[in-house]
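Visitor: This is start34.cif, which holds mmCIF, C-alpha atoms:
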data_structure
#
loop_
_atom_site.label_atom_id
_atom_site.label_comp_id
_atom_site.auth_asym_id
_atom_site.auth_seq_id
_atom_site.Cartn_x
_atom_site.Cartn_y
_atom_site.Cartn_z
CA MET O 1 -9.14 82.78 -93.34
CA ARG O 2 -7.78 83.20 -89.81
CA PRO O 3 -6.20 86.53 -88.79
CA ALA O 4 -2.39 86.43 -88.89
CA ASN O 5 -2.07 86.95 -85.11
CA SER O 6 -4.41 84.06 -84.45
CA LEU O 7 -2.45 81.83 -86.83
CA VAL O 8 0.85 82.53 -85.07
CA ARG O 9 -0.81 81.91 -81.71
CA ILE O 10 -2.14 78.56 -82.92
CA VAL O 11 1.24 77.51 -84.35
CA VAL O 12 3.04 78.40 -81.11
CA SER O 13 0.47 76.54 -78.99
CA ALA O 14 0.71 73.47 -81.20
CA THR O 15 4.50 73.58 -81.08
CA LEU O 16 4.60 73.72 -77.29
CA ALA O 17 2.37 70.69 -77.16
CA LEU O 18 4.62 68.74 -79.55
CA LEU O 19 8.03 69.66 -78.19
CA PRO O 20 10.04 66.70 -76.84
CA ALA O 21 11.98 66.77 -73.59
CA SER O 22 15.11 67.86 -75.45
CA GLY O 23 13.24 71.01 -76.49
CA ALA O 24 12.62 72.08 -72.89
CA ARG O 25 14.83 75.14 -73.26
CA THR O 26 12.90 76.31 -76.32
CA GLN O 27 9.59 75.58 -74.61
CA GLY O 28 10.64 77.67 -71.62
CA LEU O 29 11.74 80.49 -73.92
CA LEU O 30 8.42 80.61 -75.74
CA SER O 31 6.26 80.17 -72.67
CA HIS O 32 7.94 83.15 -71.00
CA THR O 33 7.73 85.42 -74.04
CA ASP O 34 4.75 87.66 -74.74
CA MET O 35 4.25 86.87 -78.41
CA GLN O 36 1.45 89.42 -78.66
CA GLY O 37 3.45 92.27 -77.09
CA PRO O 38 4.96 95.18 -79.08
CA ALA O 39 8.46 93.70 -79.04
CA MET O 40 7.23 90.70 -81.05
CA THR O 41 4.60 92.33 -83.24
CA GLN O 42 5.67 95.89 -84.03
CA ALA O 43 8.53 97.55 -85.90
CA GLU O 44 10.69 100.38 -84.60
CA MET O 45 12.03 101.18 -88.08
CA THR O 46 10.62 101.54 -91.58
CA ARG O 47 11.84 99.82 -94.73
CA ASP O 48 13.31 103.11 -95.94
CA GLU O 49 15.23 103.54 -92.68
CA VAL O 50 16.65 100.03 -93.03
CA ILE O 51 17.66 100.75 -96.64
CA ALA O 52 19.37 103.97 -95.55
CA LEU O 53 21.58 101.99 -93.16
CA LEU O 54 22.34 99.36 -95.79
CA VAL O 55 23.39 101.94 -98.39
CA VAL O 56 26.32 103.11 -96.28
CA ALA O 57 27.16 99.68 -94.80
CA THR O 58 30.43 97.94 -95.57
CA PRO O 59 31.94 94.62 -94.44
CA GLU O 60 34.06 96.60 -91.97
CA HIS O 61 31.14 98.73 -90.78
CA PRO O 62 27.96 96.66 -91.18
CA ALA O 63 24.48 98.00 -90.57
CA ASP O 64 23.68 97.37 -86.91
CA LEU O 65 20.20 95.81 -86.75
CA ALA O 66 21.03 93.48 -83.86
CA GLY O 67 18.11 93.21 -81.48
CA LYS O 68 15.99 95.61 -83.54
CA GLN O 69 12.22 95.22 -83.79
CA LEU O 70 11.57 94.69 -87.49
CA ASN O 71 8.40 92.66 -87.14
CA GLY O 72 6.10 92.66 -90.16
CA LEU O 73 8.37 94.81 -92.34
CA ASP O 74 8.60 94.20 -96.07
CA LEU O 75 12.34 93.71 -96.60
CA SER O 76 11.93 91.67 -99.78
CA GLY O 77 14.82 91.74 -102.21
CA LEU O 78 17.15 93.69 -99.92
CA ASP O 79 20.86 92.90 -99.70
CA LEU O 80 21.39 92.30 -95.99
CA ARG O 81 24.80 90.66 -96.26
CA HIS O 82 26.42 93.62 -94.50
CA ALA O 83 24.03 93.69 -91.56
CA ARG O 84 24.17 92.55 -87.96
CA LEU O 85 20.94 90.68 -87.24
CA ARG O 86 21.73 88.68 -84.12
CA THR O 87 18.66 88.61 -81.78
CA ALA O 88 16.66 90.79 -84.23
CA ARG O 89 12.86 90.43 -84.14
CA LEU O 90 11.58 89.71 -87.64
CA ASN O 91 8.35 87.90 -86.87
CA LYS O 92 6.06 87.82 -89.93
CA ALA O 93 8.56 89.96 -91.85
CA ARG O 94 8.66 89.58 -95.64
CA LEU O 95 12.15 88.70 -96.82
CA MET O 96 11.36 87.08 -100.16
CA GLY O 97 14.46 86.95 -102.33
CA ALA O 98 16.55 88.81 -99.74
CA ARG O 99 20.34 88.33 -99.69
CA LEU O 100 21.38 86.91 -96.33
CA ASP O 101 24.36 84.82 -97.42
CA GLY O 102 26.71 84.25 -94.49
CA VAL O 103 24.65 86.47 -92.17
CA VAL O 104 24.56 85.65 -88.45
CA LEU O 105 20.92 85.27 -87.40
CA ASP O 106 21.69 83.62 -84.07
CA GLN O 107 18.82 83.84 -81.56
CA ALA O 108 16.80 85.97 -83.97
CA TRP O 109 13.01 85.70 -84.16
CA LEU O 110 11.50 84.94 -87.57
CA MET O 111 8.29 83.22 -86.61
CA GLY O 112 5.85 83.24 -89.51
CA ALA O 113 8.36 85.15 -91.65
CA ASP O 114 8.39 84.66 -95.43
CA LEU O 115 11.87 83.92 -96.78
CA SER O 116 10.78 82.29 -100.02
CA ASP O 117 13.60 82.34 -102.60
CA ALA O 118 15.91 84.03 -100.05
CA HIS O 119 19.66 83.45 -100.14
CA LEU O 120 21.01 82.11 -96.83
CA ALA O 121 23.99 80.07 -98.00
CA GLY O 122 26.52 79.76 -95.20
CA ALA O 123 24.30 81.64 -92.75
CA SER O 124 24.36 80.94 -89.00
CA LEU O 125 20.99 80.10 -87.44
CA PHE O 126 21.86 79.14 -83.87
CA GLY O 127 18.86 79.09 -81.54
CA THR O 128 16.82 80.97 -84.15
CA GLN O 129 13.04 80.82 -83.75
CA MET O 130 11.46 80.13 -87.15
CA ILE O 131 8.24 78.34 -86.27
CA GLY O 132 5.84 78.45 -89.20
CA ALA O 133 8.33 80.34 -91.40
CA ARG O 134 8.24 79.97 -95.16
CA LEU O 135 11.51 79.16 -96.94
CA ASP O 136 10.29 77.58 -100.15
CA ARG O 137 13.12 77.38 -102.71
CA ALA O 138 15.44 79.25 -100.30
CA ASP O 139 19.17 78.57 -100.59
CA LEU O 140 20.54 77.37 -97.24
CA ALA O 141 23.50 75.46 -98.64
CA GLY O 142 26.29 75.08 -96.10
CA ALA O 143 24.32 76.91 -93.39
CA ARG O 144 24.64 75.97 -89.70
CA ILE O 145 21.08 75.47 -88.50
CA THR O 146 20.16 74.69 -84.90
CA ALA O 147 16.89 76.55 -85.38
CA ASN O 148 13.31 75.77 -84.42
CA LEU O 149 11.65 75.23 -87.80
CA THR O 150 8.59 73.41 -86.51
CA GLY O 151 5.80 73.58 -89.06
CA ALA O 152 7.98 75.57 -91.48
CA SER O 153 7.76 75.16 -95.25
CA LEU O 154 11.01 74.45 -97.09
CA ALA O 155 9.54 72.92 -100.22
CA GLY O 156 12.20 72.78 -102.93
CA ALA O 157 14.73 74.47 -100.65
CA ARG O 158 18.45 73.89 -101.12
CA LEU O 159 20.18 72.59 -97.99
CA ALA O 160 23.10 70.82 -99.63
CA GLY O 161 25.94 70.48 -97.13
CA ALA O 162 23.93 72.25 -94.41
CA ASP O 163 24.59 71.23 -90.80
CA LEU O 164 21.44 70.69 -88.73
CA SER O 165 22.99 68.17 -86.36
CA ALA O 166 22.95 68.22 -82.57
CA ASP O 167 25.56 70.51 -81.05
CA MET O 168 27.13 68.16 -78.51
CA ARG O 169 29.31 70.96 -77.09
CA ASN O 170 26.37 72.89 -75.65
CA GLN O 171 24.66 70.29 -73.49
CA SER O 172 24.31 72.78 -70.64
CA MET O 173 21.87 74.67 -72.89
CA GLY O 174 19.90 71.55 -73.71
CA LEU O 175 20.28 69.51 -76.89
CA MET O 176 20.66 72.19 -79.56
CA ARG O 177 19.78 70.82 -83.00
CA GLY O 178 17.67 71.53 -86.00
CA ASP O 179 14.01 70.97 -85.20
CA LEU O 180 11.94 70.35 -88.32
CA THR O 181 8.99 68.66 -86.68
CA SER O 182 6.05 68.65 -89.14
CA ALA O 183 8.07 70.75 -91.61
CA ASN O 184 7.48 70.56 -95.36
CA LEU O 185 10.71 69.51 -97.10
CA ALA O 186 9.09 68.03 -100.18
CA GLY O 187 11.55 68.06 -103.07
CA ALA O 188 14.27 69.70 -100.98
CA ASP O 189 17.95 69.23 -101.83
CA LEU O 190 19.63 67.78 -98.74
CA THR O 191 22.59 66.19 -100.48
CA GLY O 192 25.50 65.78 -98.10
CA ALA O 193 23.60 67.51 -95.27
CA ASN O 194 24.42 66.62 -91.67
CA LEU O 195 21.13 65.61 -90.06
CA GLY O 196 22.63 63.67 -87.18
CA ARG O 197 20.05 63.52 -84.33
CA THR O 198 17.97 66.18 -86.10
CA MET O 199 14.25 66.30 -85.23
CA LEU O 200 12.32 65.32 -88.36
CA GLU O 201 9.22 63.76 -86.82
CA TYR O 202 6.20 64.00 -89.13
CA ALA O 203 8.26 65.97 -91.64
CA ASP O 204 7.37 65.69 -95.34
CA LEU O 205 10.53 64.54 -97.13
CA SER O 206 8.71 63.16 -100.16
CA GLY O 207 10.83 63.45 -103.26
CA ALA O 208 13.70 65.00 -101.30
CA ASP O 209 17.29 64.28 -102.29
CA LEU O 210 19.11 62.85 -99.25
CA SER O 211 22.05 61.46 -101.18
CA ARG O 212 25.12 61.13 -98.90
CA ALA O 213 23.25 62.83 -96.03
CA ASN O 214 24.10 61.86 -92.46
CA LEU O 215 20.90 60.74 -90.69
CA THR O 216 22.64 58.98 -87.82
CA GLY O 217 20.30 58.97 -84.83
CA ALA O 218 17.79 61.24 -86.59
CA GLU O 219 14.23 61.27 -85.29
CA LEU O 220 12.12 60.30 -88.31
CA GLY O 221 9.01 59.00 -86.54
CA GLY O 222 5.96 59.54 -88.76
CA ALA O 223 8.03 61.24 -91.48
CA ASN O 224 7.13 60.78 -95.14
CA LEU O 225 10.12 59.66 -97.24
CA THR O 226 8.06 58.50 -100.21
CA GLY O 227 10.14 58.82 -103.38
CA ALA O 228 13.15 60.24 -101.51
CA THR O 229 16.63 59.55 -102.89
CA VAL O 230 18.85 58.02 -100.20
CA ALA O 231 21.87 56.67 -102.08
CA GLY O 232 24.92 56.92 -99.83
CA ALA O 233 22.87 58.27 -96.90
CA THR O 234 23.74 56.97 -93.41
CA PHE O 235 20.79 55.79 -91.28
CA ILE O 236 22.50 54.11 -88.31
CA GLY O 237 20.34 54.52 -85.20
CA ALA O 238 17.67 56.62 -86.93
CA ASP O 239 14.14 56.12 -85.54
CA VAL O 240 11.67 55.32 -88.35
CA ASN O 241 8.64 54.45 -86.21
CA SER O 242 5.53 54.93 -88.41
CA ALA O 243 7.63 56.58 -91.15
CA ARG O 244 6.51 56.11 -94.76
CA LEU O 245 9.39 54.41 -96.56
CA LEU O 246 7.81 53.86 -99.96
CA ASP O 247 9.45 54.00 -103.40
CA MET O 248 12.74 55.22 -101.92
CA ARG O 249 15.47 55.51 -104.53
CA GLY O 250 18.99 54.20 -103.98
CA LEU O 251 18.01 52.31 -100.83
CA ASP O 252 20.39 49.49 -101.75
CA GLU O 253 23.23 52.05 -101.57
CA ALA O 254 22.19 53.48 -98.20
CA ILE O 255 24.50 52.88 -95.24
CA GLY O 256 23.31 51.24 -92.03
CA PHE O 257 19.65 51.05 -93.02
CA ASP O 258 19.55 47.61 -91.39
CA ARG O 259 20.47 49.32 -88.11
CA VAL O 260 17.60 51.80 -87.88
CA ARG O 261 15.24 51.71 -84.91
CA ASN O 262 11.63 50.51 -85.17
CA LEU O 263 11.85 49.41 -88.80
CA ASP O 264 9.12 46.86 -88.06
CA LEU O 265 6.77 49.76 -87.24
CA ALA O 266 7.46 51.70 -90.45
CA VAL O 267 5.19 51.74 -93.52
CA ARG O 268 7.10 49.76 -96.13
CA PRO O 269 6.34 48.25 -99.56
CA ALA O 270 4.43 44.99 -99.37
CA LEU O 271 6.55 41.89 -99.90
CA ARG O 272 5.91 40.09 -103.16
#
Take the structure in the file and give it back as structure tokens.

Guide:
Amino acid sequence: MRPANSLVRIVVSATLALLPASGARTQGLLSHTDMQGPAMTQAEMTRDEVIALLVVATPEHPADLAGKQLNGLDLSGLDLRHARLRTARLNKARLMGARLDGVVLDQAWLMGADLSDAHLAGASLFGTQMIGARLDRADLAGARITANLTGASLAGARLAGADLSADMRNQSMGLMRGDLTSANLAGADLTGANLGRTMLEYADLSGADLSRANLTGAELGGANLTGATVAGATFIGADVNSARLLDMRGLDEAIGFDRVRNLDLAVRPALR
């Protein structure tokens, strides 16, 4: 087994190599950040100190953890709903089952963090760095996600009604959108999610529920949609170059599937 630091280094290097032109801002951010320095690898607080702040926190006076170095801490099961976490450093932190409903995690760092079974419904993840994070079975329903989730695992996660679409109002910052390149979304619930222009290249969407999802202009090159449910999903302008489109359910109810890009290059069922 590789050491954790080596694993993160490999994931970051692979991500930089894969990032498209629209990810130039993220690439610049990562390439100018010392991922092995104390700010990204060490914690300035203990779990007990975090708990002490949470005990006295209220909606009017939330625990101020904004920008704090909380890397590697075990914060599993904690109720962080009354916490400020904008720009916090939580790389490789353990947040399994934590309550983060509605929390603002904008520009926070959670690379390699474990958020399995965490509650993030309605959370804000704008510019959040979550490369290689684990969010299996996490609840992200209704969340706004323009995060870098390259190589992340969201198997069985709930993203119903989540918005991962491109933020067309922030073009000066580059094309901000959810980046799930090579992410594991097998069996995920994406019903009604907005995936317009979202990066989903080489993502595993096998068995995922994409009913009524908006995939307009989504980048699905090399993605695996085997067994995915797509009834009512909109595919206009989506790029399916080399995507696996096998045994898809509800395809006859999908909208604009005849207007996808590179359908002739996709892996489709053989004609009988």

Visitor: Nearest to Ser153 of chain O: which of O:Glu253, O:Asp79, O:Asp204, O:Asp101 is it, counting only C-alpha atoms?

Guide: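 Once distances to Ser153 of chain O are computed over only C-alpha atoms, the minimum belongs to O:Asp204.
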
Visitor: Can you spell out as a PyMOL selection string the set of residues that the PyMOL selection byres ((chain O and resi 109) around 7) selects in the structure I just provided?

Guide: chain O and resi 87-91+107-108+110-111+128-130

Visitor: Could you tell me how far atom CA of Thr46 of chain O sits from atom CA of Leu85 of chain O, in Å to one decimal place?

Guide: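 Separation of atom CA of Leu85 of chain O and atom CA of Thr46 of chain O: 15.6 Å.
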
Visitor: Run the PyMOL selection byres ((chain O and resi 195) around 8) against the file shown and list the residues it catches, as a ChimeraX atom specification.

Guide: /O:163-165,178,193-194,196-198,213-216,218

Visitor: Between O:Ala147, O:Ala121, O:Leu135, O:Met248, single out the one closest to Arg94 of chain O, counting only C-alpha atoms.

Guide: O:Leu135

Visitor: For Asp136 of chain O, which of O:Ser124, O:Ser116, O:Thr191, O:Asn148 is the closest residue, counting all atoms listed in the file?

Guide: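 Going through O:Ser124, O:Ser116, O:Thr191, O:Asn148 one by one, the smallest distance to Asp136 of chain O is for O:Ser116.
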
Visitor: So what do you get for atom CA of Leu180 of chain O versus atom CA of Gly151 of chain O, distance-wise?

Guide: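 Separation of atom CA of Leu180 of chain O and atom CA of Gly151 of chain O: 7.0 Å.
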
Visitor: As an exercise, work out the distance from atom CA of Asn262 of chain O to atom CA of Ala166 of chain O in Å and give it to one decimal place.

Guide: 21.2 Å

Visitor: The PyMOL selection byres ((chain O and resi 230) around 12) - which residues does that actually catch in the file I just gave you? List them as a PDB file with C-alpha atoms, in the frame of the given file.

Guide:
ATOM      1  CA  ASP O 189      17.950  69.230-101.830  1.00  0.00           C
ATOM      2  CA  LEU O 190      19.630  67.780 -98.740  1.00  0.00           C
ATOM      3  CA  THR O 191      22.590  66.190-100.480  1.00  0.00           C
ATOM      4  CA  GLY O 192      25.500  65.780 -98.100  1.00  0.00           C
ATOM      5  CA  ALA O 193      23.600  67.510 -95.270  1.00  0.00           C
ATOM      6  CA  LEU O 205      10.530  64.540 -97.130  1.00  0.00           C
ATOM      7  CA  SER O 206       8.710  63.160-100.160  1.00  0.00           C
ATOM      8  CA  GLY O 207      10.830  63.450-103.260  1.00  0.00           C
ATOM      9  CA  ALA O 208      13.700  65.000-101.300  1.00  0.00           C
ATOM     10  CA  ASP O 209      17.290  64.280-102.290  1.00  0.00           C
ATOM     11  CA  LEU O 210      19.110  62.850 -99.250  1.00  0.00           C
ATOM     12  CA  SER O 211      22.050  61.460-101.180  1.00  0.00           C
ATOM     13  CA  ARG O 212      25.120  61.130 -98.900  1.00  0.00           C
ATOM     14  CA  ALA O 213      23.250  62.830 -96.030  1.00  0.00           C
ATOM     15  CA  ASN O 214      24.100  61.860 -92.460  1.00  0.00           C
ATOM     16  CA  LEU O 215      20.900  60.740 -90.690  1.00  0.00           C
ATOM     17  CA  LEU O 225      10.120  59.660 -97.240  1.00  0.00           C
ATOM     18  CA  THR O 226       8.060  58.500-100.210  1.00  0.00           C
ATOM     19  CA  GLY O 227      10.140  58.820-103.380  1.00  0.00           C
ATOM     20  CA  ALA O 228      13.150  60.240-101.510  1.00  0.00           C
ATOM     21  CA  THR O 229      16.630  59.550-102.890  1.00  0.00           C
ATOM     22  CA  ALA O 231      21.870  56.670-102.080  1.00  0.00           C
ATOM     23  CA  GLY O 232      24.920  56.920 -99.830  1.00  0.00           C
ATOM     24  CA  ALA O 233      22.870  58.270 -96.900  1.00  0.00           C
ATOM     25  CA  THR O 234      23.740  56.970 -93.410  1.00  0.00           C
ATOM     26  CA  PHE O 235      20.790  55.790 -91.280  1.00  0.00           C
ATOM     27  CA  LEU O 245       9.390  54.410 -96.560  1.00  0.00           C
ATOM     28  CA  LEU O 246       7.810  53.860 -99.960  1.00  0.00           C
ATOM     29  CA  ASP O 247       9.450  54.000-103.400  1.00  0.00           C
ATOM     30  CA  MET O 248      12.740  55.220-101.920  1.00  0.00           C
ATOM     31  CA  ARG O 249      15.470  55.510-104.530  1.00  0.00           C
ATOM     32  CA  GLY O 250      18.990  54.200-103.980  1.00  0.00           C
ATOM     33  CA  LEU O 251      18.010  52.310-100.830  1.00  0.00           C
ATOM     34  CA  ASP O 252      20.390  49.490-101.750  1.00  0.00           C
ATOM     35  CA  GLU O 253      23.230  52.050-101.570  1.00  0.00           C
ATOM     36  CA  ALA O 254      22.190  53.480 -98.200  1.00  0.00           C
ATOM     37  CA  ILE O 255      24.500  52.880 -95.240  1.00  0.00           C
ATOM     38  CA  GLY O 256      23.310  51.240 -92.030  1.00  0.00           C
ATOM     39  CA  PHE O 257      19.650  51.050 -93.020  1.00  0.00           C
TER      40      PHE O 257
END

Visitor: Taking all atoms listed in the file into account, name the residue in O:Ala93, O:Ala43, O:Val56, O:Ala188 that is nearest to Gln69 of chain O.

Guide: O:Ala43

Visitor: With distances taken over only C-alpha atoms, which of O:Gly102, O:Gly156, O:Gly187, O:Gly161 is nearest to Pro59 of chain O?

Guide: O:Gly102

Visitor: Of the candidates O:Asp34, O:Asp117, O:Asp264, O:Asp179, which one gets nearest to Arg158 of chain O if we count all atoms listed in the file?

Guide: O:Asp117

Visitor: Could I see segment 150-183 of chain O restored to N, CA and C atoms, set down as a PDB file, in the frame of the given file?

Guide:
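As written to disk, result19.pdb reads:
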ATOM      1  N   THR O 150       9.820  74.195 -86.628  1.00  0.00           N
ATOM      2  CA  THR O 150       8.590  73.410 -86.510  1.00  0.00           C
ATOM      3  C   THR O 150       7.493  74.001 -87.392  1.00  0.00           C
ATOM      4  N   GLY O 151       6.903  73.141 -88.217  1.00  0.00           N
ATOM      5  CA  GLY O 151       5.800  73.580 -89.060  1.00  0.00           C
ATOM      6  C   GLY O 151       6.212  74.516 -90.185  1.00  0.00           C
ATOM      7  N   ALA O 152       7.514  74.685 -90.412  1.00  0.00           N
ATOM      8  CA  ALA O 152       7.980  75.570 -91.480  1.00  0.00           C
ATOM      9  C   ALA O 152       7.853  74.896 -92.839  1.00  0.00           C
ATOM     10  N   SER O 153       7.824  75.697 -93.887  1.00  0.00           N
ATOM     11  CA  SER O 153       7.760  75.160 -95.250  1.00  0.00           C
ATOM     12  C   SER O 153       9.077  75.440 -95.952  1.00  0.00           C
ATOM     13  N   LEU O 154       9.743  74.353 -96.360  1.00  0.00           N
ATOM     14  CA  LEU O 154      11.010  74.450 -97.090  1.00  0.00           C
ATOM     15  C   LEU O 154      10.914  73.648 -98.389  1.00  0.00           C
ATOM     16  N   ALA O 155       9.754  73.675 -99.000  1.00  0.00           N
ATOM     17  CA  ALA O 155       9.540  72.920-100.220  1.00  0.00           C
ATOM     18  C   ALA O 155      10.523  73.389-101.303  1.00  0.00           C
ATOM     19  N   GLY O 156      11.250  72.440-101.875  1.00  0.00           N
ATOM     20  CA  GLY O 156      12.200  72.780-102.930  1.00  0.00           C
ATOM     21  C   GLY O 156      13.396  73.580-102.467  1.00  0.00           C
ATOM     22  N   ALA O 157      13.600  73.694-101.157  1.00  0.00           N
ATOM     23  CA  ALA O 157      14.730  74.470-100.650  1.00  0.00           C
ATOM     24  C   ALA O 157      16.042  73.724-100.883  1.00  0.00           C
ATOM     25  N   ARG O 158      17.126  74.481-100.931  1.00  0.00           N
ATOM     26  CA  ARG O 158      18.450  73.890-101.120  1.00  0.00           C
ATOM     27  C   ARG O 158      19.207  73.914 -99.797  1.00  0.00           C
ATOM     28  N   LEU O 159      19.460  72.719 -99.252  1.00  0.00           N
ATOM     29  CA  LEU O 159      20.180  72.590 -97.990  1.00  0.00           C
ATOM     30  C   LEU O 159      21.406  71.692 -98.164  1.00  0.00           C
ATOM     31  N   ALA O 160      21.935  71.657 -99.366  1.00  0.00           N
ATOM     32  CA  ALA O 160      23.100  70.820 -99.630  1.00  0.00           C
ATOM     33  C   ALA O 160      24.255  71.219 -98.708  1.00  0.00           C
ATOM     34  N   GLY O 161      24.800  70.220 -98.016  1.00  0.00           N
ATOM     35  CA  GLY O 161      25.940  70.480 -97.130  1.00  0.00           C
ATOM     36  C   GLY O 161      25.596  71.254 -95.874  1.00  0.00           C
ATOM     37  N   ALA O 162      24.315  71.525 -95.622  1.00  0.00           N
ATOM     38  CA  ALA O 162      23.930  72.250 -94.410  1.00  0.00           C
ATOM     39  C   ALA O 162      24.127  71.353 -93.189  1.00  0.00           C
ATOM     40  N   ASP O 163      24.371  71.968 -92.038  1.00  0.00           N
ATOM     41  CA  ASP O 163      24.590  71.230 -90.800  1.00  0.00           C
ATOM     42  C   ASP O 163      23.460  71.519 -89.818  1.00  0.00           C
ATOM     43  N   LEU O 164      22.565  70.562 -89.655  1.00  0.00           N
ATOM     44  CA  LEU O 164      21.440  70.690 -88.730  1.00  0.00           C
ATOM     45  C   LEU O 164      21.598  69.753 -87.533  1.00  0.00           C
ATOM     46  N   SER O 165      22.768  69.201 -87.364  1.00  0.00           N
ATOM     47  CA  SER O 165      22.990  68.170 -86.360  1.00  0.00           C
ATOM     48  C   SER O 165      23.010  68.726 -84.951  1.00  0.00           C
ATOM     49  N   ALA O 166      22.906  67.835 -83.982  1.00  0.00           N
ATOM     50  CA  ALA O 166      22.950  68.220 -82.570  1.00  0.00           C
ATOM     51  C   ALA O 166      24.325  68.785 -82.237  1.00  0.00           C
ATOM     52  N   ASP O 167      24.320  69.893 -81.500  1.00  0.00           N
ATOM     53  CA  ASP O 167      25.560  70.510 -81.050  1.00  0.00           C
ATOM     54  C   ASP O 167      25.922  69.901 -79.701  1.00  0.00           C
ATOM     55  N   MET O 168      26.800  68.899 -79.732  1.00  0.00           N
ATOM     56  CA  MET O 168      27.130  68.160 -78.510  1.00  0.00           C
ATOM     57  C   MET O 168      28.011  68.958 -77.562  1.00  0.00           C
ATOM     58  N   ARG O 169      28.455  70.143 -77.962  1.00  0.00           N
ATOM     59  CA  ARG O 169      29.310  70.960 -77.090  1.00  0.00           C
ATOM     60  C   ARG O 169      28.490  71.882 -76.199  1.00  0.00           C
ATOM     61  N   ASN O 170      27.202  71.954 -76.398  1.00  0.00           N
ATOM     62  CA  ASN O 170      26.370  72.890 -75.650  1.00  0.00           C
ATOM     63  C   ASN O 170      25.285  72.165 -74.852  1.00  0.00           C
ATOM     64  N   GLN O 171      25.646  71.058 -74.227  1.00  0.00           N
ATOM     65  CA  GLN O 171      24.660  70.290 -73.490  1.00  0.00           C
ATOM     66  C   GLN O 171      24.077  71.045 -72.304  1.00  0.00           C
ATOM     67  N   SER O 172      24.837  72.006 -71.760  1.00  0.00           N
ATOM     68  CA  SER O 172      24.310  72.780 -70.640  1.00  0.00           C
ATOM     69  C   SER O 172      23.119  73.632 -71.061  1.00  0.00           C
ATOM     70  N   MET O 173      22.978  73.879 -72.357  1.00  0.00           N
ATOM     71  CA  MET O 173      21.870  74.670 -72.890  1.00  0.00           C
ATOM     72  C   MET O 173      20.728  73.780 -73.376  1.00  0.00           C
ATOM     73  N   GLY O 174      20.850  72.484 -73.137  1.00  0.00           N
ATOM     74  CA  GLY O 174      19.900  71.550 -73.710  1.00  0.00           C
ATOM     75  C   GLY O 174      20.443  71.064 -75.046  1.00  0.00           C
ATOM     76  N   LEU O 175      19.806  70.085 -75.633  1.00  0.00           N
ATOM     77  CA  LEU O 175      20.280  69.510 -76.890  1.00  0.00           C
ATOM     78  C   LEU O 175      19.922  70.447 -78.039  1.00  0.00           C
ATOM     79  N   MET O 176      20.884  71.245 -78.471  1.00  0.00           N
ATOM     80  CA  MET O 176      20.660  72.190 -79.560  1.00  0.00           C
ATOM     81  C   MET O 176      20.814  71.465 -80.896  1.00  0.00           C
ATOM     82  N   ARG O 177      19.770  71.492 -81.694  1.00  0.00           N
ATOM     83  CA  ARG O 177      19.780  70.820 -83.000  1.00  0.00           C
ATOM     84  C   ARG O 177      18.674  71.401 -83.860  1.00  0.00           C
ATOM     85  N   GLY O 178      18.743  71.100 -85.127  1.00  0.00           N
ATOM     86  CA  GLY O 178      17.670  71.530 -86.000  1.00  0.00           C
ATOM     87  C   GLY O 178      16.387  70.809 -85.662  1.00  0.00           C
ATOM     88  N   ASP O 179      15.319  71.555 -85.496  1.00  0.00           N
ATOM     89  CA  ASP O 179      14.010  70.970 -85.200  1.00  0.00           C
ATOM     90  C   ASP O 179      13.078  71.262 -86.366  1.00  0.00           C
ATOM     91  N   LEU O 180      12.803  70.219 -87.152  1.00  0.00           N
ATOM     92  CA  LEU O 180      11.940  70.350 -88.320  1.00  0.00           C
ATOM     93  C   LEU O 180      10.695  69.493 -88.159  1.00  0.00           C
ATOM     94  N   THR O 181      10.206  69.412 -86.939  1.00  0.00           N
ATOM     95  CA  THR O 181       8.990  68.660 -86.680  1.00  0.00           C
ATOM     96  C   THR O 181       7.844  69.195 -87.544  1.00  0.00           C
ATOM     97  N   SER O 182       7.201  68.295 -88.277  1.00  0.00           N
ATOM     98  CA  SER O 182       6.050  68.650 -89.140  1.00  0.00           C
ATOM     99  C   SER O 182       6.401  69.664 -90.216  1.00  0.00           C
ATOM    100  N   ALA O 183       7.669  69.812 -90.550  1.00  0.00           N
ATOM    101  CA  ALA O 183       8.070  70.750 -91.610  1.00  0.00           C
ATOM    102  C   ALA O 183       7.850  70.137 -92.985  1.00  0.00           C
TER     103      ALA O 183
END
